[in-house]
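For reference, input.tsv (TSV, C-alpha atoms and all ligand atoms):
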chain	number	residue	atom	x	y	z
X	1	MET	CA	40.87	-45.87	12.53
X	2	THR	CA	41.04	-43.64	15.59
X	3	ALA	CA	37.95	-41.76	16.72
X	4	PRO	CA	39.48	-38.33	15.85
X	5	ALA	CA	40.36	-39.60	12.37
X	6	LEU	CA	36.85	-40.97	12.06
X	7	THR	CA	35.16	-37.71	13.07
X	8	ALA	CA	37.51	-35.79	10.73
X	9	GLN	CA	35.63	-37.49	7.90
X	10	ALA	CA	32.34	-35.85	8.87
X	11	PRO	CA	31.39	-32.84	6.75
X	12	GLN	CA	33.11	-29.61	7.78
X	13	TYR	CA	29.71	-27.96	8.28
X	14	VAL	CA	28.84	-30.59	10.90
X	15	ARG	CA	32.22	-30.41	12.63
X	16	GLY	CA	31.92	-26.63	12.72
X	17	LEU	CA	28.59	-26.62	14.57
X	18	SER	CA	28.48	-25.10	18.06
X	19	PRO	CA	26.02	-27.05	20.20
X	20	TYR	CA	22.89	-25.22	21.37
X	21	VAL	CA	23.35	-23.83	24.88
X	22	GLY	CA	20.18	-24.04	26.96
X	23	GLY	CA	19.29	-22.53	30.31
X	24	LYS	CA	21.35	-23.94	33.18
X	25	PRO	CA	19.47	-26.74	34.99
X	26	ILE	CA	18.66	-26.09	38.67
X	27	ASP	CA	20.59	-29.16	39.88
X	28	GLU	CA	23.72	-28.12	37.98
X	29	VAL	CA	23.73	-24.65	39.54
X	30	ALA	CA	23.08	-26.18	42.98
X	31	ARG	CA	26.04	-28.56	42.54
X	32	GLU	CA	28.41	-25.93	41.17
X	33	LEU	CA	27.65	-23.26	43.75
X	34	GLY	CA	26.77	-25.47	46.74
X	35	LEU	CA	23.21	-24.09	46.90
X	36	ASP	CA	19.99	-25.74	48.07
X	37	PRO	CA	18.17	-26.68	44.82
X	38	THR	CA	14.79	-25.93	46.38
X	39	ALA	CA	15.88	-22.34	46.99
X	40	ILE	CA	16.90	-21.78	43.36
X	41	VAL	CA	14.68	-19.81	41.00
X	42	LYS	CA	15.01	-20.69	37.30
X	43	LEU	CA	13.87	-18.00	34.91
X	44	ALA	CA	16.10	-19.08	32.04
X	45	SER	CA	14.20	-21.17	29.51
X	46	ASN	CA	10.89	-19.42	28.89
X	47	GLU	CA	9.03	-22.19	30.69
X	48	ASN	CA	5.56	-21.85	32.13
X	49	PRO	CA	6.02	-21.28	35.89
X	50	ARG	CA	2.61	-22.65	36.90
X	51	GLY	CA	3.17	-26.38	36.63
X	52	PRO	CA	1.20	-28.36	34.03
X	53	SER	CA	-2.56	-28.38	33.58
X	54	PRO	CA	-4.16	-30.93	35.98
X	55	ARG	CA	-6.00	-32.27	32.95
X	56	ALA	CA	-2.69	-32.97	31.21
X	57	LEU	CA	-1.36	-34.72	34.33
X	58	ALA	CA	-4.46	-36.92	34.51
X	59	ALA	CA	-4.11	-37.82	30.83
X	60	ILE	CA	-0.46	-38.77	31.38
X	61	ALA	CA	-1.42	-41.03	34.28
X	62	THR	CA	-3.96	-42.83	32.10
X	63	ALA	CA	-1.61	-43.12	29.13
X	64	ALA	CA	1.19	-44.46	31.37
X	65	ALA	CA	-0.67	-47.77	31.65
X	66	GLU	CA	0.10	-48.36	27.95
X	67	LEU	CA	3.84	-47.64	28.06
X	68	THR	CA	4.75	-51.05	26.63
X	69	ARG	CA	3.16	-50.05	23.33
X	70	TYR	CA	4.56	-47.78	20.65
X	71	PRO	CA	2.71	-44.49	20.29
X	72	ASP	CA	0.46	-43.81	17.32
X	73	GLY	CA	3.10	-42.61	14.86
X	74	ASN	CA	0.45	-40.67	12.99
X	75	ALA	CA	-0.97	-39.14	16.22
X	76	PHE	CA	-4.46	-39.50	14.79
X	77	VAL	CA	-6.46	-38.17	17.73
X	78	LEU	CA	-4.19	-35.20	18.48
X	79	LYS	CA	-4.08	-34.20	14.81
X	80	GLN	CA	-7.87	-34.38	14.59
X	81	ALA	CA	-8.17	-32.13	17.63
X	82	LEU	CA	-5.62	-29.61	16.33
X	83	ALA	CA	-7.19	-29.59	12.88
X	84	ALA	CA	-10.65	-28.97	14.34
X	85	LYS	CA	-9.37	-26.16	16.55
X	86	LEU	CA	-7.42	-24.47	13.76
X	87	ALA	CA	-9.96	-25.07	10.98
X	88	VAL	CA	-7.45	-26.96	8.81
X	89	ASP	CA	-7.31	-30.57	7.56
X	90	PRO	CA	-5.53	-33.17	9.72
X	91	GLU	CA	-3.30	-33.87	6.69
X	92	GLN	CA	-1.96	-30.32	7.05
X	93	VAL	CA	-0.61	-30.96	10.55
X	94	VAL	CA	2.88	-32.35	11.24
X	95	LEU	CA	3.73	-33.14	14.85
X	96	GLY	CA	7.19	-32.63	16.24
X	97	ASN	CA	9.30	-33.56	19.23
X	98	GLY	CA	8.89	-29.96	20.30
X	99	SER	CA	8.35	-27.34	17.61
X	100	ASN	CA	12.16	-27.44	17.34
X	101	ASP	CA	11.66	-30.75	15.54
X	102	VAL	CA	9.35	-29.09	13.00
X	103	LEU	CA	12.01	-26.45	12.29
X	104	GLU	CA	14.54	-29.25	11.77
X	105	LEU	CA	12.18	-31.18	9.51
X	106	VAL	CA	11.82	-28.14	7.25
X	107	THR	CA	15.60	-27.81	6.91
X	108	HIS	CA	15.92	-31.57	6.38
X	109	ALA	CA	13.33	-31.55	3.63
X	110	PHE	CA	14.33	-28.36	1.82
X	111	LEU	CA	17.98	-27.44	2.40
X	112	ARG	CA	21.08	-28.87	0.77
X	113	PRO	CA	24.68	-27.60	0.60
X	114	GLY	CA	24.80	-24.38	-1.39
X	115	ASP	CA	21.27	-23.31	-0.47
X	116	GLU	CA	20.55	-20.28	1.68
X	117	ALA	CA	18.20	-19.73	4.61
X	118	VAL	CA	17.33	-16.18	5.62
X	119	PHE	CA	16.67	-15.15	9.23
X	120	ALA	CA	16.99	-12.06	11.41
X	121	GLN	CA	19.83	-11.00	13.67
X	122	HIS	CA	18.90	-11.58	17.35
X	123	SER	CA	16.44	-14.33	16.41
X	124	PHE	CA	16.09	-17.93	17.62
X	125	ALA	CA	19.42	-19.80	17.82
X	126	VAL	CA	18.07	-22.94	16.19
X	127	TYR	CA	17.68	-21.32	12.74
X	128	PRO	CA	21.42	-20.94	12.12
X	129	LEU	CA	22.14	-24.32	13.72
X	130	ALA	CA	19.57	-26.26	11.70
X	131	THR	CA	20.67	-24.46	8.53
X	132	GLN	CA	24.35	-25.23	9.03
X	133	ALA	CA	23.59	-28.86	9.92
X	134	ARG	CA	22.36	-29.28	6.33
X	135	GLY	CA	25.44	-27.66	4.84
X	136	ALA	CA	23.36	-24.66	3.80
X	137	THR	CA	24.30	-21.04	4.38
X	138	GLY	CA	22.55	-18.82	6.89
X	139	VAL	CA	21.93	-15.26	5.73
X	140	VAL	CA	21.55	-13.02	8.78
X	141	VAL	CA	19.56	-9.85	8.17
X	142	PRO	CA	20.40	-7.00	10.58
X	143	ALA	CA	17.62	-6.35	13.07
X	144	ARG	CA	15.63	-3.16	13.14
X	145	ALA	CA	14.80	-1.91	16.64
X	146	TYR	CA	15.74	-5.44	17.85
X	147	GLY	CA	13.08	-7.02	15.62
X	148	HIS	CA	12.67	-8.35	12.09
X	149	ASP	CA	13.34	-5.89	9.28
X	150	LEU	CA	10.88	-7.47	6.86
X	151	PRO	CA	11.71	-5.32	3.80
X	152	ALA	CA	15.41	-6.12	4.31
X	153	MET	CA	14.59	-9.81	4.75
X	154	ARG	CA	12.62	-9.77	1.51
X	155	ALA	CA	15.55	-8.06	-0.21
X	156	ALA	CA	17.93	-10.75	1.14
X	157	ILE	CA	16.08	-13.49	-0.75
X	158	THR	CA	18.14	-14.67	-3.75
X	159	PRO	CA	17.66	-17.49	-6.24
X	160	ARG	CA	19.59	-19.66	-3.75
X	161	THR	CA	17.17	-19.00	-0.88
X	162	ARG	CA	15.02	-22.01	0.00
X	163	VAL	CA	13.79	-21.10	3.49
X	164	VAL	CA	13.02	-17.91	5.45
X	165	PHE	CA	12.51	-18.06	9.22
X	166	VAL	CA	10.40	-15.47	11.05
X	167	ALA	CA	9.79	-15.77	14.80
X	168	ASN	CA	6.68	-13.95	15.98
X	169	PRO	CA	6.91	-13.02	18.81
X	170	ASN	CA	10.67	-13.18	18.53
X	171	ASN	CA	12.93	-14.91	21.03
X	172	PRO	CA	15.00	-13.48	22.70
X	173	THR	CA	13.96	-9.88	21.96
X	174	GLY	CA	10.18	-10.21	22.48
X	175	THR	CA	9.37	-8.10	19.42
X	176	TRP	CA	6.13	-8.70	17.55
X	177	ILE	CA	4.94	-8.10	13.99
X	178	PRO	CA	1.24	-7.26	13.63
X	179	PRO	CA	-0.82	-9.51	11.30
X	180	ASP	CA	-1.12	-7.10	8.33
X	181	PRO	CA	2.57	-6.46	7.61
X	182	LEU	CA	3.31	-10.10	8.38
X	183	ARG	CA	0.75	-11.31	5.88
X	184	ALA	CA	2.01	-8.83	3.28
X	185	PHE	CA	5.52	-10.18	3.83
X	186	VAL	CA	4.39	-13.80	3.36
X	187	ALA	CA	2.63	-12.76	0.15
X	188	SER	CA	5.78	-11.01	-1.09
X	189	VAL	CA	8.03	-14.07	-0.75
X	190	PRO	CA	8.50	-16.01	-4.02
X	191	PRO	CA	6.31	-19.14	-3.98
X	192	GLU	CA	9.35	-21.42	-4.36
X	193	VAL	CA	10.76	-20.24	-1.00
X	194	VAL	CA	9.40	-21.76	2.22
X	195	VAL	CA	8.41	-19.25	4.90
X	196	VAL	CA	8.60	-20.72	8.40
X	197	LEU	CA	6.53	-18.60	10.73
X	198	ASP	CA	7.59	-19.68	14.21
X	199	GLU	CA	4.78	-18.92	16.63
X	200	ALA	CA	6.10	-20.70	19.73
X	201	TYR	CA	4.85	-17.80	21.89
X	202	ASN	CA	1.60	-17.15	20.00
X	203	GLU	CA	-0.68	-17.99	22.94
X	204	TYR	CA	0.91	-15.28	25.05
X	205	LEU	CA	-0.41	-12.64	22.67
X	206	ASP	CA	-3.76	-11.09	23.45
X	207	PRO	CA	-6.38	-12.95	21.40
X	208	GLU	CA	-6.99	-9.85	19.23
X	209	GLN	CA	-3.26	-9.69	18.40
X	210	GLN	CA	-3.06	-13.31	17.24
X	211	ALA	CA	-2.68	-13.56	13.48
X	212	HIS	CA	-4.41	-16.96	12.90
X	213	ALA	CA	-1.69	-17.50	10.32
X	214	THR	CA	-2.54	-21.20	10.14
X	215	THR	CA	-5.48	-20.18	7.93
X	216	TRP	CA	-3.13	-18.33	5.52
X	217	VAL	CA	-1.66	-21.66	4.42
X	218	ARG	CA	-4.57	-22.26	2.03
X	219	GLU	CA	-3.55	-19.14	0.10
X	220	HIS	CA	0.21	-19.65	0.55
X	221	PRO	CA	1.33	-23.27	0.05
X	222	ASN	CA	4.91	-22.17	0.84
X	223	LEU	CA	3.97	-21.16	4.42
X	224	VAL	CA	4.75	-23.38	7.43
X	225	VAL	CA	3.40	-22.17	10.77
X	226	SER	CA	5.01	-23.81	13.81
X	227	ARG	CA	3.57	-23.80	17.32
X	228	SER	CA	4.59	-25.28	20.64
X	229	PHE	CA	3.09	-27.00	23.66
X	230	SER	CA	6.20	-26.02	25.65
X	231	LYS	CA	5.26	-22.48	26.56
X	232	ALA	CA	1.70	-21.34	27.38
X	233	TYR	CA	0.54	-24.99	27.43
X	234	GLY	CA	3.15	-25.79	30.06
X	235	LEU	CA	4.51	-29.08	28.66
X	236	ALA	CA	8.15	-28.27	27.87
X	237	ALA	CA	9.54	-31.51	29.33
X	238	LEU	CA	7.33	-33.69	27.14
X	239	ARG	CA	8.60	-32.20	23.86
X	240	VAL	CA	5.62	-31.67	21.62
X	241	GLY	CA	4.92	-29.06	18.98
X	242	TYR	CA	3.35	-28.95	15.55
X	243	GLY	CA	3.46	-27.33	12.17
X	244	VAL	CA	0.55	-26.40	9.94
X	245	MET	CA	1.23	-26.35	6.19
X	246	ASP	CA	-0.04	-27.41	2.83
X	247	ALA	CA	-0.88	-31.15	2.85
X	248	THR	CA	1.71	-31.84	0.13
X	249	VAL	CA	4.42	-30.11	2.16
X	250	ALA	CA	3.26	-32.03	5.25
X	251	ASP	CA	3.59	-35.27	3.31
X	252	LEU	CA	7.19	-34.34	2.48
X	253	LEU	CA	8.06	-33.51	6.08
X	254	ASN	CA	6.49	-36.77	7.24
X	255	ARG	CA	8.92	-38.65	5.00
X	256	VAL	CA	11.93	-37.30	6.89
X	257	ARG	CA	10.25	-37.46	10.30
X	258	GLN	CA	11.15	-40.22	12.74
X	259	PRO	CA	8.19	-42.64	12.73
X	260	PHE	CA	7.48	-42.19	16.46
X	261	ASN	CA	8.84	-38.70	17.08
X	262	VAL	CA	6.12	-37.72	19.57
X	263	ASN	CA	5.77	-40.13	22.46
X	264	ALA	CA	2.48	-41.44	23.80
X	265	LEU	CA	2.52	-39.42	27.05
X	266	ALA	CA	3.19	-36.25	25.08
X	267	GLN	CA	0.34	-36.96	22.68
X	268	ALA	CA	-2.10	-37.64	25.53
X	269	ALA	CA	-1.02	-34.61	27.52
X	270	ALA	CA	-1.10	-32.28	24.51
X	271	LEU	CA	-4.63	-33.42	23.68
X	272	ALA	CA	-5.79	-32.68	27.23
X	273	ALA	CA	-3.89	-29.38	27.36
X	274	LEU	CA	-5.44	-28.25	24.09
X	275	ALA	CA	-8.89	-28.65	25.62
X	276	ASP	CA	-7.93	-26.78	28.80
X	277	THR	CA	-8.51	-23.27	27.49
X	278	GLU	CA	-8.79	-21.91	31.03
X	279	TYR	CA	-5.22	-22.99	31.74
X	280	VAL	CA	-3.90	-21.10	28.72
X	281	GLU	CA	-5.96	-18.02	29.55
X	282	GLU	CA	-4.71	-18.03	33.13
X	283	SER	CA	-1.13	-18.48	31.87
X	284	ARG	CA	-1.59	-15.44	29.63
X	285	ARG	CA	-3.06	-13.40	32.48
X	286	LEU	CA	-0.30	-14.39	34.90
X	287	ASN	CA	2.29	-13.56	32.25
X	288	ARG	CA	0.86	-10.11	31.63
X	289	ALA	CA	0.82	-9.39	35.37
X	290	GLY	CA	4.36	-10.75	35.71
X	291	LEU	CA	5.64	-8.53	32.90
X	292	ALA	CA	4.04	-5.53	34.61
X	293	GLN	CA	5.63	-6.53	37.92
X	294	LEU	CA	9.07	-6.97	36.38
X	295	THR	CA	9.01	-3.77	34.33
X	296	ALA	CA	7.75	-1.72	37.29
X	297	GLY	CA	10.55	-3.11	39.45
X	298	LEU	CA	13.16	-2.44	36.77
X	299	ASP	CA	11.86	1.09	36.23
X	300	ALA	CA	12.15	1.70	39.96
X	301	MET	CA	15.81	0.66	39.77
X	302	GLY	CA	16.42	2.68	36.61
X	303	VAL	CA	17.23	-0.44	34.59
X	304	ALA	CA	16.30	-0.43	30.90
X	305	TRP	CA	14.31	-3.26	29.25
X	306	LEU	CA	12.74	-4.00	25.87
X	307	PRO	CA	8.95	-4.24	25.53
X	308	SER	CA	8.08	-7.93	25.18
X	309	HIS	CA	5.20	-9.89	23.67
X	310	GLY	CA	6.53	-13.20	24.97
X	311	ASN	CA	6.85	-14.75	28.43
X	312	PHE	CA	10.27	-13.21	28.91
X	313	LEU	CA	11.95	-9.85	29.05
X	314	LEU	CA	15.30	-8.59	27.77
X	315	VAL	CA	16.94	-6.51	30.46
X	316	ASN	CA	19.87	-4.21	29.76
X	317	VAL	CA	22.17	-4.76	32.74
X	318	GLY	CA	25.39	-3.46	31.15
X	319	ASP	CA	28.02	-6.01	32.14
X	320	ALA	CA	25.80	-9.06	31.73
X	321	THR	CA	28.56	-11.60	32.46
X	322	ARG	CA	29.26	-10.07	35.85
X	323	VAL	CA	25.61	-9.49	36.75
X	324	ASN	CA	24.69	-13.01	35.66
X	325	ALA	CA	27.39	-14.51	37.90
X	326	ALA	CA	26.15	-12.40	40.82
X	327	LEU	CA	22.57	-13.57	40.19
X	328	LEU	CA	23.66	-17.21	40.06
X	329	ARG	CA	25.44	-16.85	43.41
X	330	GLN	CA	22.08	-15.76	44.82
X	331	GLY	CA	20.35	-18.78	43.29
X	332	VAL	CA	18.65	-16.94	40.43
X	333	ILE	CA	19.15	-18.45	36.97
X	334	VAL	CA	18.45	-16.24	33.96
X	335	ARG	CA	19.82	-16.40	30.41
X	336	PRO	CA	22.82	-14.47	29.13
X	337	VAL	CA	22.30	-13.66	25.45
X	338	ALA	CA	25.79	-12.65	24.27
X	339	ASN	CA	25.54	-15.55	21.80
X	340	TYR	CA	22.59	-13.67	20.26
X	341	GLY	CA	24.77	-10.60	19.77
X	342	LEU	CA	23.31	-8.93	22.87
X	343	PRO	CA	26.17	-8.84	25.39
X	344	ALA	CA	24.65	-6.12	27.59
X	345	PHE	CA	21.38	-8.00	28.13
X	346	LEU	CA	20.01	-10.81	30.24
X	347	ARG	CA	16.80	-12.58	29.22
X	348	VAL	CA	14.50	-13.16	32.16
X	349	THR	CA	11.54	-15.51	31.88
X	350	VAL	CA	8.40	-14.28	33.61
X	351	GLY	CA	7.94	-16.39	36.74
X	352	LEU	CA	5.42	-16.56	39.56
X	353	PRO	CA	5.08	-13.27	41.49
X	354	ARG	CA	7.45	-14.42	44.25
X	355	GLU	CA	10.01	-15.59	41.65
X	356	ASN	CA	9.88	-12.24	39.86
X	357	GLU	CA	10.37	-10.58	43.22
X	358	ARG	CA	13.39	-12.80	43.93
X	359	PHE	CA	14.90	-11.80	40.59
X	360	LEU	CA	14.34	-8.09	41.19
X	361	ALA	CA	15.84	-8.25	44.68
X	362	ALA	CA	18.82	-10.29	43.46
X	363	LEU	CA	19.39	-7.89	40.57
X	364	ASP	CA	19.39	-4.98	42.98
X	365	VAL	CA	22.08	-6.72	45.04
X	366	ALA	CA	24.04	-7.72	41.93
X	367	ARG	CA	24.11	-4.17	40.60
X	368	ARG	CA	25.38	-2.79	43.88
X	369	ALA	CA	28.11	-5.43	44.20
X	401	LIG	C1	11.17	-18.89	18.97
X	401	LIG	C2	11.21	-20.33	19.42
X	401	LIG	N1	10.86	-21.27	18.56
X	401	LIG	C3	10.87	-22.56	18.89
X	401	LIG	C4	11.25	-22.96	20.15
X	401	LIG	C5	11.30	-24.42	20.42
X	401	LIG	O1	10.41	-24.81	21.41
X	401	LIG	P1	9.95	-26.30	21.58
X	401	LIG	O2	10.86	-27.18	20.78
X	401	LIG	O3	10.04	-26.57	23.03
X	401	LIG	O4	8.54	-26.34	21.04
X	401	LIG	C6	11.62	-22.02	21.10
X	401	LIG	C7	12.06	-22.43	22.44
X	401	LIG	O5	12.56	-21.71	23.23
X	401	LIG	C8	11.60	-20.66	20.72
X	401	LIG	O6	11.97	-19.70	21.57
Transcribe the structure of this file into structure tokens.
Ligand SMILES: Cc1ncc(COP(=O)(O)O)c(C=O)c1O
Amino acid sequence: MTAPALTAQAPQYVRGLSPYVGGKPIDEVARELGLDPTAIVKLASNENPRGPSPRALAAIATAAAELTRYPDGNAFVLKQALAAKLAVDPEQVVLGNGSNDVLELVTHAFLRPGDEAVFAQHSFAVYPLATQARGATGVVVPARAYGHDLPAMRAAITPRTRVVFVANPNNPTGTWIPPDPLRAFVASVPPEVVVVLDEAYNEYLDPEQQAHATTWVREHPNLVVSRSFSKAYGLAALRVGYGVMDATVADLLNRVRQPFNVNALAQAAALAALADTEYVEESRRLNRAGLAQLTAGLDAMGVAWLPSHGNFLLVNVGDATRVNAALLRQGVIVRPVANYGLPAFLRVTVGLPRENERFLAALDVARRA
């Protein structure tokens, strides 16, 4: 059998998937445009611009001595630390190879062909992908002011709905739902439907804005709260995230989880990063200052942007394809979001002050070109 004939046997919903498109890597842009990689600024993947916590680096160095051994597949120590911090039981925590993995595990455990998953327009690209990969149907609810229209999402739930995804703050729009309406929404969802509350950017919220939704799980066994070490904790390359849920739901997700889905260096680094509260606070502070710097610069140029609660900003540049190409030529990588239904916008991750400055200067040039 030829390879094309072989792949033709795969389910149509798998063959019809469009692979996730990430931010362009620095080396790729350097190769394609003949630029010096050290002069390139990447503000395309909502990464933490500071470099990792020194405590995480030290933990990685120590853990590296044990690389011949498999990691603890149950991540005992990291789960204990997370559970203590979040005031939940360790049995309620499922670790993922990035929080992306947790999202996938939910779809793996709960979705089958014919089921529906509800999510918002202009929300994270992995929800439709992970839904389709299970042969289930994604139900896209039109956004309201670029954010989640929770009453419309509630109304979109049918007897076929098994999962609802809510990103808070939302990527790529940066919108945020305050705790009270969010909690009311969770309470309004039928108990047989899983609500995935994706809080990958939670730590960028001011502490008084944070919902502490992990504690809602006790009341709502259908709630899964996912969080990430990739953003404010600065460990995107290691791929580690977690979900907090009812212990019975966690047990189910653990059955479809790869036995060693979080590697030993990631576990060690996440444990150290979790304890480094100063690093997260400084990341939040730097992010707030960076957002102010970017929005002031954009205002000065008369360029519109959407208020953001994440570590990124949606900027309305008009012809985003042209402006993006002009930015790339100047060695500035940002993220076009036409695939999110936002063809006039570019998503810019908040960088270090000099990186934000580089973006603003390059955008000024690009707009004049
Ligand atoms: C809303 C949202 N959820 C989840 C993720 C996945 O992050 P990770 O798998 O690195 O934890 C991202 C990454 O960009 C995101 O924007």
| task | Step by step, measure atom-to-atom distances between ligand LIG 401 (chain X) and each residue using only C-alpha atoms and all ligand atoms, keep those at most 6 Å, then write them as a VMD selection string. | result | chain X and resid 98 to 100 124 167 170 to 171 198 200 228 230 236 239 241
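For the set X:Ser283, X:Thr321, X:Gln330, X:Asn316, the residue with the smallest atom-to-atom gap to Glu203 (chain X) is X:Ser283, counting all atoms listed in the file.
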| CA of Leu328 (chain X) and CA of His122 (chain X) are how many Å apart? |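 If I compute the distance from CA of Leu328 (chain X) to CA of His122 (chain X), I get 23.9 Å.
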| remark: From the list X:Leu352, X:Ala369, X:Leu238, X:Leu43, the nearest residue to Val334 (chain X) using only C-alpha atoms is X:Leu43
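Across the structure, CA of Thr38 (chain X) and CA of Gly290 (chain X) are spaced 21.3 Å apart.
Here the question is which of X:Leu205, X:Met245, X:Ala250, X:Ala296 gets nearest to Glu281 (chain X) using only C-alpha atoms, and that residue is X:Leu205.
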| How would you write as a ChimeraX atom specification the residues that get within 9 Å of (27.3, -22.7, 44.5) in the file's frame, counting only C-alpha atoms? | /X:29-36,328-331
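Distances here use all atoms listed in the file; by that measure, the residue among X:Leu360, X:Leu274, X:Leu298, X:Ala289 closest to Pro52 (chain X) is X:Leu274.
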Considering all atoms listed in the file, give me a table of residues in region 253-325 of chain X that are at most 12 Å from region 173-188 of chain X, with the closest atom pair and distance in Å for each, as a tab-separated table.
residue	atom	partner	partner_atom	distance
X:Leu291	CA	X:Gly174	CA	11.5
X:Trp305	CA	X:Thr173	CA	9.9
X:Leu306	CA	X:Thr173	CA	7.2
X:Pro307	CA	X:Gly174	CA	6.8
X:Ser308	CA	X:Gly174	CA	4.1
X:His309	CA	X:Gly174	CA	5.1
X:Gly310	CA	X:Gly174	CA	5.3
X:Asn311	CA	X:Gly174	CA	8.2
X:Phe312	CA	X:Gly174	CA	7.1
X:Leu313	CA	X:Gly174	CA	6.8
X:Leu314	CA	X:Thr173	CA	6.1
X:Val315	CA	X:Thr173	CA	9.6
X:Asn316	CA	X:Thr173	CA	11.3
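Residues in contact with Asp89 (chain X) at up to 12 Å, not including ones fewer than 4 positions away on its chain and judged by all atoms listed in the file, are Phe76, Lys79, Gln80, Ala81, Leu82, Ala83, Ala84, Lys85, Val93, Val94, Thr214, Thr215, Val217, Arg218, Val244, Met245, Asp246, Ala247, Thr248 and Ala250 of chain X.
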| said: Quick check, in Å to one decimal: how far apart do CA of Arg154 (chain X) and CA of Val14 (chain X) lie? | reply: 28.0 Å
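Of the residues under consideration (X:Arg284, X:Arg358, X:Arg367, X:Arg257), X:Arg367 shows the shortest atom-to-atom contact distance to Val303 (chain X) when counting all atoms listed in the file.
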Can you list, as a short mmCIF file (atom, residue, chain, number, x, y, z; two decimals) with C-alpha atoms, keeping the file's coordinate frame, every protein, DNA or RNA residue that comes within 7 Å of Leu253 (chain X) when you count all atoms listed in the file, leaving out same-chain residues fewer than 5 positions away?
data_model
loop_
_atom_site.label_atom_id
_atom_site.label_comp_id
_atom_site.auth_asym_id
_atom_site.auth_seq_id
_atom_site.Cartn_x
_atom_site.Cartn_y
_atom_site.Cartn_z
CA LEU X 105 12.18 -31.18 9.51
CA VAL X 106 11.82 -28.14 7.25
CA ALA X 109 13.33 -31.55 3.63
#
Give, as AutoDock Vina command-line options, the centre coordinates and the x, y and z edge lengths in Å to one decimal for an axis-aligned box around all listed atoms of region 263-277 of chain X, padded by 6 Å on each side.
--center_x -1.6 --center_y -32.4 --center_z 25.6 --size_x 26.7 --size_y 30.2 --size_z 18.3
What are the closest atom pairs, with distances in Å to one decimal, for all residues of region 321-363 of chain X lying within 12 Å of region 17-22 of chain X? Consider only C-alpha atoms, order rows by chain and residue number, and present the result as a Markdown table.
| residue | atom | partner | partner_atom | distance |
| --- | --- | --- | --- | --- |
| X:Ile333 | CA | X:Gly22 | CA | 11.5 |
| X:Val334 | CA | X:Gly22 | CA | 10.6 |
| X:Arg335 | CA | X:Gly22 | CA | 8.4 |
| X:Pro336 | CA | X:Gly22 | CA | 10.2 |
| X:Val337 | CA | X:Val21 | CA | 10.2 |
| X:Ala338 | CA | X:Val21 | CA | 11.5 |
| X:Asn339 | CA | X:Val21 | CA | 9.1 |
| X:Tyr340 | CA | X:Val21 | CA | 11.2 |
